[in-house]
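Enquirer: Structure provided below as structure tokens; questions to follow.
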Amino acid sequence: MRELLGGKGANLAEMCRLGLPVPPGFTIATSVCEAFYKNGGRIPDDVVAQIEKGLARLEQVMGRRFGDPEDPLLVSVRSGAAVSMPGMMDSVLNLGLNSETAGGLARLSGDRRFALDAQRRLTQMFGDVVLGIEHERFENALGRIKASRGATLDTDLDEEALGEVVDRFRAEVRAATGDEFPDDPRQQLRLAIEAVFASWNGTRAKRYRELNDIHGLLGTAVNVQAMVFGNLGAGSGTGVCFTRDPSTGENVLYGEYLVNAQGEDVVAGIRTPEPLERLERDLPDCHGRLLEIKGILERHYRDMQDLEFTVQGGKLYMLQTRTGTRTAQAAVRIAVEMVDEGLIDESEALRRVEPEQLDRLLHPTFDPQAERDVLATGLPASPGAVTGRMVFTAEDAEIWAGRGEKVVLVRNETSPEDIGGMHAAEGILTARGGMTSHAAVVARGMGKCCVAGCSALYVDAHGKTMDVGGAQLGEGDWISLDGSTGEVMRGRVATAHASLGDHFERLMKMADAKRRLGVRTNADTPADAALARSFGAEGIGLCRTEHMFFEETRIQAVREMILAETAPQRHAALQKLLPAQREDFRGIFEAMDGLPVTVRLLDPPLHEFLPHDDAAREAVAAALDVPVERVRRRCRELQEFNPMLGHRGCRLGVTHPEIYEMQARAIGEAACDAAAAGIQVVAEVMVPLVGTVTELDFCTERLRAVLDEVLEERSTKLTFLIGTMIEVPRAALVAEELARTAEFFSFGTNDLTQMTFGYSRDDSGSFLPEYVDRGVLPNDPFQSLDTAGVGRLVRMACEEGRRARPDLKLGICGEHGGDPRSIRFCHEVGLDYVSCSPYRVPVARLAAARAALE
């Protein structure tokens with residue numbers, strides 16, 4: 001019943017059913033939170049009446065009355081939504097105290113100091129949470145009194161000093177609000193409950209829900225519970241523990257304990273807690289009982305639990321249990337070991353590990369204990385944790401890296417020309433661009449950390465400076481990037497590497513046994529292909545040939561081809577590229593021995609290979625021994641208003657067929673060479689940006705002729721599939737026609753999304769976050785596939801394509817191929833495989849298994 005009672009309330013009730021020691025109380029349902037906001041931020045009258053009934057029953061169970069000066073009942077008010085949101089909402093303890101009830105508490109306990117300590121805690125917490133008084137005002141007042149008394153810790157203050165603290169705190173309330181602290185216990189309770197409901201829409205809670213993609217909840221529940229006191233002397237205390245180590249997953253009770261303290265002392269770090277061994281030493285019976293409860297709760301929930309407990313006068317009370325948060329490494333180990341222990345089966349183990357957690361496991365992370373000076377936050381475009389010295393051009397990145405420096409490439413945005421610098425850099429930071437911008441896509445493919453679209457930055461590439469938040473950093477300054485959170489930090493932050501180990505391999509084997517979808521990778525080099533294969537890739541779904549053209553030794557030949565004025569000149573330039581392309585493809589075929597390799601023919605417009613400034617144009621002219629005016633003229637001729645919809649993809653193959661013919665020959669010869677060396681070649685040739693069947697027929701006819709010619713020349717028998725990317729909406733609409741020629745479809749969902757929505761993927765970062773915040777879109781369609789619109793085109797193309805060709809192979813090679821939600825859709829529509837960057841391969845394997853289990 002967590003949707004109604006919230007996680008905390010449901011679990012408290014569950015622990016009561018299990019016979020565990022839980023302080024009595026009652027839960028105000030999540031539906032009341034919704035009613036609270038509809039009622040103008042006040043608890044509805046009928047609910048107030050129900051709270052009174054709950055309070056009366058609690059008084060009966062406890063044998064004490066709320067507000068009774070002789071025998072007072074004190075209560076706590078704590079939040080608890082259906083989904084755990086640790087520390088994001090508010091709590092108030094010790095409600096019901098005033099000067100009279102504090103006197104009664106002192107007489108009952110025989111300890112006036114304890115009563116005063118409880119009263120000062122209430123005054124501070126109520127003042128902060130309910131009355132909105134700055135926490136520092138109370139801390140400063142407390143600090144002055146401690147200094148005057150020579151006290152270091154709160155526990156060093158005697159009875160007289162605590163009395164002074166209570167008076168000082170009440171004076172702070174009076175000064176801040178103009179009113180006295182409310183002494184009426186029922187007024188305290190009502191205001192505290194309303195404050196907890198109000199915290200549901202506080203900045204912290206809203207941001208947490210946004211970051212963790214939590215939607216559709218009514219609000220928080222509120223738990224009103226009889227107080228138990230961990231600050232009742234040496235035989236009392238409070239603690240937090242996990243039933244397994246949340247960092248490593250080891251099956252040990254892991255946590256901390258504070259003697260003579262209340263729960264907020266542990267959470268707020270007011271005092272330094274001690275390991276649970278202190279509880280075992282001081283109160284062995286309580287520690288033994290806690291170990292028993294660990295076993296009971298793990299067997300009941302069949303998952304690692306996060307526990308809060310209080311010891312009052314030697315008796316243990318459980319205040320909370322919830323599913324414990326854990327690192328990726330711990331999540332994998334716990335899931336696998338719980339299978340071994342018979343607590344869960346393999347299917348449940350796969351459900352216990354979120355696919356995105358594996359992404360963090362595969363990349364370095366920052367040490368959670370390290371200090372962070374966060375300058376700004378951008379989009380977490382490619383995970384990882386890197387530290388390096390800032391450089392502002394790709395050329396500088398290569399020069400600095402060449403002399404052994406670790407660098408971070410900082411750009412307003414990257415372009416294909418930056419590929420060398422991106423490869424040399426430890427990480428990439430851009431001021432513009434989205435999750436599928438050039439920087440993001442290339443970085444993920446390389447396994448490089450990238451923070452993109454960090455709009456708080458002003459990057460002056462010419463002056464080699466970066467301004468952010470009033471601070472200016474320059475070339476050579478150290479920064480750190482967290483590609484999992486998007487944080488940009490000043491200086492060097494220590495990193496830690498997670499070890500994959502046997503538990504990871506076992507989980508992946510479980511996933512492979514359950515999934516139907518194949519998982520390939522997007523890889524352009526033998527090194528990337530080998531890396532992806534080590535992560536379990538079953539082939540290459542996208543090999544982008546243009547990245548090969550940007551290498552320094554080749555780009556001059558590409559430029560010579562572009563500047564050629566006659567067909568023989570173009571042919572001569574292409575012949576210079578042929579051997580390099582052939583070697584590239586052979587290396588990839590060797591790395592993927594026995595697995596399919598889908599090679600996408602040249603896709604970007606030709607102007608991307610030409611320099612953008614006059615000095616660089618003069619250098620190209622000199623290198624190629626051509627007039628500089630010819631270079632300038634060609635740049636003008638190739639300039640386009642909208643290059644993404646311009647002269648690129650198969651349009652180049654139609655207007656310059658010799659380019660695709662050279663690439664087909666390189667593929668064919670590389671396949672023959674690899675086959676002669678004993679490599680099992682499974683080659684697939686993909687024509688990009690097709691919108692009409694005539695385009696595809698034109699290209700396919702020429703490709704097939706060249707491939708057949710090579711096979712005849714080499715006296716070799718090999719099969720080459722020729723297919724197309726479905727990335728233009730028209731292609732999806734005429735899929736039945738295309739499938740009569742194409743032997744496979746691969747959905748290029750980056751461009752398909754761009755053209756279906758009419759959003760530029762490189763510019764949409766300026767408005768898409770706000771669209772998501774305002775509920776205009778459920779999420780960024782470049783991150784998770786839009787199943788209603790773009791997905792409908794995919795589904796239509798699948799159905800129509802297989803109507804014409806029942807054995808049509810179907811895959812996806814856009815960035816969505818590594819997104820778990822998109823993978824679920826790919827499974828539903830019957831694709832054969834997804835393809836993603838190498839570091840996303842394990843994520844896709846797990847997501848595909850989870851999709852099959854749904």
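So you can find residues: chains in the structure tokens are A, B, ... in the order shown, residues in each start at 1, and ligands are numbered from 1 in order.
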Taking only residues of range 355-410 of chain A that have an atom at most 12 Å from an atom of range 532-543 of chain A, what is each one's shortest atom pair and its distance in Å to one decimal, using only C-alpha atoms, in chain and number order, as CSV?
Expert:
residue,atom,partner,partner_atom,distance
A:Leu358,CA,A:Phe535,CA,11.3
A:Asp359,CA,A:Phe535,CA,11.6
A:Leu362,CA,A:Phe535,CA,9.6
Enquirer: Could you give me, as a PyMOL selection string, the residues within 9 Å of Arg600 in chain A, counting only C-alpha atoms and dropping anything in the same chain fewer than 3 positions from it?
Expert: chain A and resi 542-546+603+684-688+724-725
Enquirer: Excluding same-chain residues fewer than 5 positions from Thr495 in chain A, what lies within 10 Å of it counting only C-alpha atoms, as a list in words?
Expert: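 My list of contacting residues is Pro364, Thr365, Phe366, Asp367, Pro368, Ala370, Gly384, Ala385, Val386, Thr387 and Ser480 of chain A.
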Enquirer: Please list as a PDB file with C-alpha atoms, in the first residue's frame every residue within 9 Å of Pro769 in chain A, counting only C-alpha atoms and excluding residues in the same chain fewer than 5 positions away.
Expert:
ATOM      1  CA  SER A 764      17.380  21.962 -29.389  1.00  0.00           C
ATOM      2  CA  ARG A 774       6.913  22.437 -18.255  1.00  0.00           C
ATOM      3  CA  ASN A 779      11.363  13.641 -21.961  1.00  0.00           C
ATOM      4  CA  ASP A 780      14.003  14.708 -24.453  1.00  0.00           C
TER       5      ASP A 780
END
Enquirer: Rounded to one decimal, what separation in Å do you get between CA of Arg630 in chain A and CA of Gly421 in chain A?
Expert: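 One can read the CA of Arg630 in chain A to CA of Gly421 in chain A distance as 28.0 Å.
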Enquirer: Could you pull the residues within 10 Å of Arg651 in chain A, counting only C-alpha atoms, minus those fewer than 6 positions along the same chain, as a PyMOL selection string?
Expert: chain A and resi 603+605+657+688-691+695+699
Enquirer: Return the single residue from A:Ala397, A:Ala619, A:Ala175, A:Leu218 that is closest to Leu4 in chain A, with distances computed using only C-alpha atoms.
Expert: A:Leu218
Enquirer: Please return as number ranges by chain: the residues of range 194-381 of chain A that backbone DSSP assigns to strand (DSSP E).
Expert: A: 220-226, 237-242, 254-259, 274-275, 305-312, 315-323, 365-366, 374-377, 379-381
Enquirer: Could those residues be written to a file, using C-alpha atoms, as a PDB file, in the first residue's frame?
Expert:
ATOM      1  CA  THR A 220       4.062  12.534   0.471  1.00  0.00           C
ATOM      2  CA  ALA A 221       2.402  10.742   3.349  1.00  0.00           C
ATOM      3  CA  VAL A 222       3.014  11.947   6.904  1.00  0.00           C
ATOM      4  CA  ASN A 223       3.830   9.571   9.754  1.00  0.00           C
ATOM      5  CA  VAL A 224       2.946  10.652  13.305  1.00  0.00           C
ATOM      6  CA  GLN A 225       4.780   8.419  15.741  1.00  0.00           C
ATOM      7  CA  ALA A 226       5.375   8.268  19.467  1.00  0.00           C
ATOM      8  CA  GLY A 237      21.632   6.134  21.174  1.00  0.00           C
ATOM      9  CA  THR A 238      20.656   6.198  17.543  1.00  0.00           C
ATOM     10  CA  GLY A 239      21.980   4.706  14.337  1.00  0.00           C
ATOM     11  CA  VAL A 240      21.628   4.037  10.634  1.00  0.00           C
ATOM     12  CA  CYS A 241      22.708   0.803   9.016  1.00  0.00           C
ATOM     13  CA  PHE A 242      22.459  -1.266   5.864  1.00  0.00           C
ATOM     14  CA  TYR A 254      27.214  -1.919   7.776  1.00  0.00           C
ATOM     15  CA  GLY A 255      26.439   1.326   9.561  1.00  0.00           C
ATOM     16  CA  GLU A 256      27.047   3.924  12.239  1.00  0.00           C
ATOM     17  CA  TYR A 257      25.902   4.597  15.791  1.00  0.00           C
ATOM     18  CA  LEU A 258      25.865   7.606  18.100  1.00  0.00           C
ATOM     19  CA  VAL A 259      25.605   7.312  21.863  1.00  0.00           C
ATOM     20  CA  GLU A 274      31.099   5.590  15.340  1.00  0.00           C
ATOM     21  CA  PRO A 275      31.040   2.163  13.666  1.00  0.00           C
ATOM     22  CA  GLN A 305      17.553  -2.790   3.515  1.00  0.00           C
ATOM     23  CA  ASP A 306      18.457   0.637   4.868  1.00  0.00           C
ATOM     24  CA  LEU A 307      17.505   0.754   8.566  1.00  0.00           C
ATOM     25  CA  GLU A 308      17.117   3.525  11.127  1.00  0.00           C
ATOM     26  CA  PHE A 309      16.964   2.596  14.780  1.00  0.00           C
ATOM     27  CA  THR A 310      16.999   4.113  18.247  1.00  0.00           C
ATOM     28  CA  VAL A 311      18.018   2.558  21.539  1.00  0.00           C
ATOM     29  CA  GLN A 312      16.193   3.980  24.582  1.00  0.00           C
ATOM     30  CA  LYS A 315      15.770  -1.284  24.357  1.00  0.00           C
ATOM     31  CA  LEU A 316      15.964  -1.346  20.555  1.00  0.00           C
ATOM     32  CA  TYR A 317      13.291   0.335  18.411  1.00  0.00           C
ATOM     33  CA  MET A 318      13.065   0.256  14.614  1.00  0.00           C
ATOM     34  CA  LEU A 319      12.154   3.626  13.081  1.00  0.00           C
ATOM     35  CA  GLN A 320      12.430   2.799   9.387  1.00  0.00           C
ATOM     36  CA  THR A 321      13.279   0.215   6.784  1.00  0.00           C
ATOM     37  CA  ARG A 322      13.498   0.850   3.084  1.00  0.00           C
ATOM     38  CA  THR A 323      15.263  -0.592   0.088  1.00  0.00           C
ATOM     39  CA  THR A 365      33.900   7.724 -11.044  1.00  0.00           C
ATOM     40  CA  PHE A 366      34.911  10.448  -8.632  1.00  0.00           C
ATOM     41  CA  VAL A 374      31.243  22.935  -8.729  1.00  0.00           C
ATOM     42  CA  LEU A 375      31.429  25.787 -11.233  1.00  0.00           C
ATOM     43  CA  ALA A 376      28.441  24.849 -13.410  1.00  0.00           C
ATOM     44  CA  THR A 377      26.288  21.932 -14.509  1.00  0.00           C
ATOM     45  CA  LEU A 379      24.145  17.831 -19.766  1.00  0.00           C
ATOM     46  CA  PRO A 380      25.667  14.474 -18.734  1.00  0.00           C
ATOM     47  CA  ALA A 381      26.377  13.571 -22.335  1.00  0.00           C
TER      48      ALA A 381
END
Enquirer: Check the DSSP output for the backbone and give back, as a PyMOL selection string, the residues of range 377-512 of chain A in helix (DSSP H, G or I).
Expert: chain A and resi 394-402+416-424+438-446+501-512
Enquirer: Report as a ChimeraX atom specification all protein, DNA and RNA residues lying within 7 Å of Ala732 in chain A, evaluated on only C-alpha atoms, omitting residues in the same chain fewer than 5 positions from it.
Expert: /A:726,793-794,796-797
Enquirer: Could those selected residues go to a file with C-alpha atoms, as a PDB file, in the first residue's frame?
Expert:
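Output (result-v1.pdb):
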ATOM      1  CA  ILE A 726      15.590   4.601 -42.325  1.00  0.00           C
ATOM      2  CA  LEU A 793       7.075   5.496 -38.159  1.00  0.00           C
ATOM      3  CA  VAL A 794       9.449   2.756 -36.965  1.00  0.00           C
ATOM      4  CA  MET A 796       5.061   1.139 -39.800  1.00  0.00           C
ATOM      5  CA  ALA A 797       8.380   0.614 -41.578  1.00  0.00           C
TER       6      ALA A 797
END
Enquirer: With distances taken over only C-alpha atoms, which residue among A:Val519, A:Val682, A:Val710, A:Cys672 lies nearest Cys813 in chain A?
Expert: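 That would be A:Val519, the residue with the smallest distance to Cys813 in chain A.
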Enquirer: Using only C-alpha atoms, which of A:Arg209, A:Arg112, A:Arg795, A:Arg78 sits nearest Phe26 in chain A?
Expert: A:Arg78
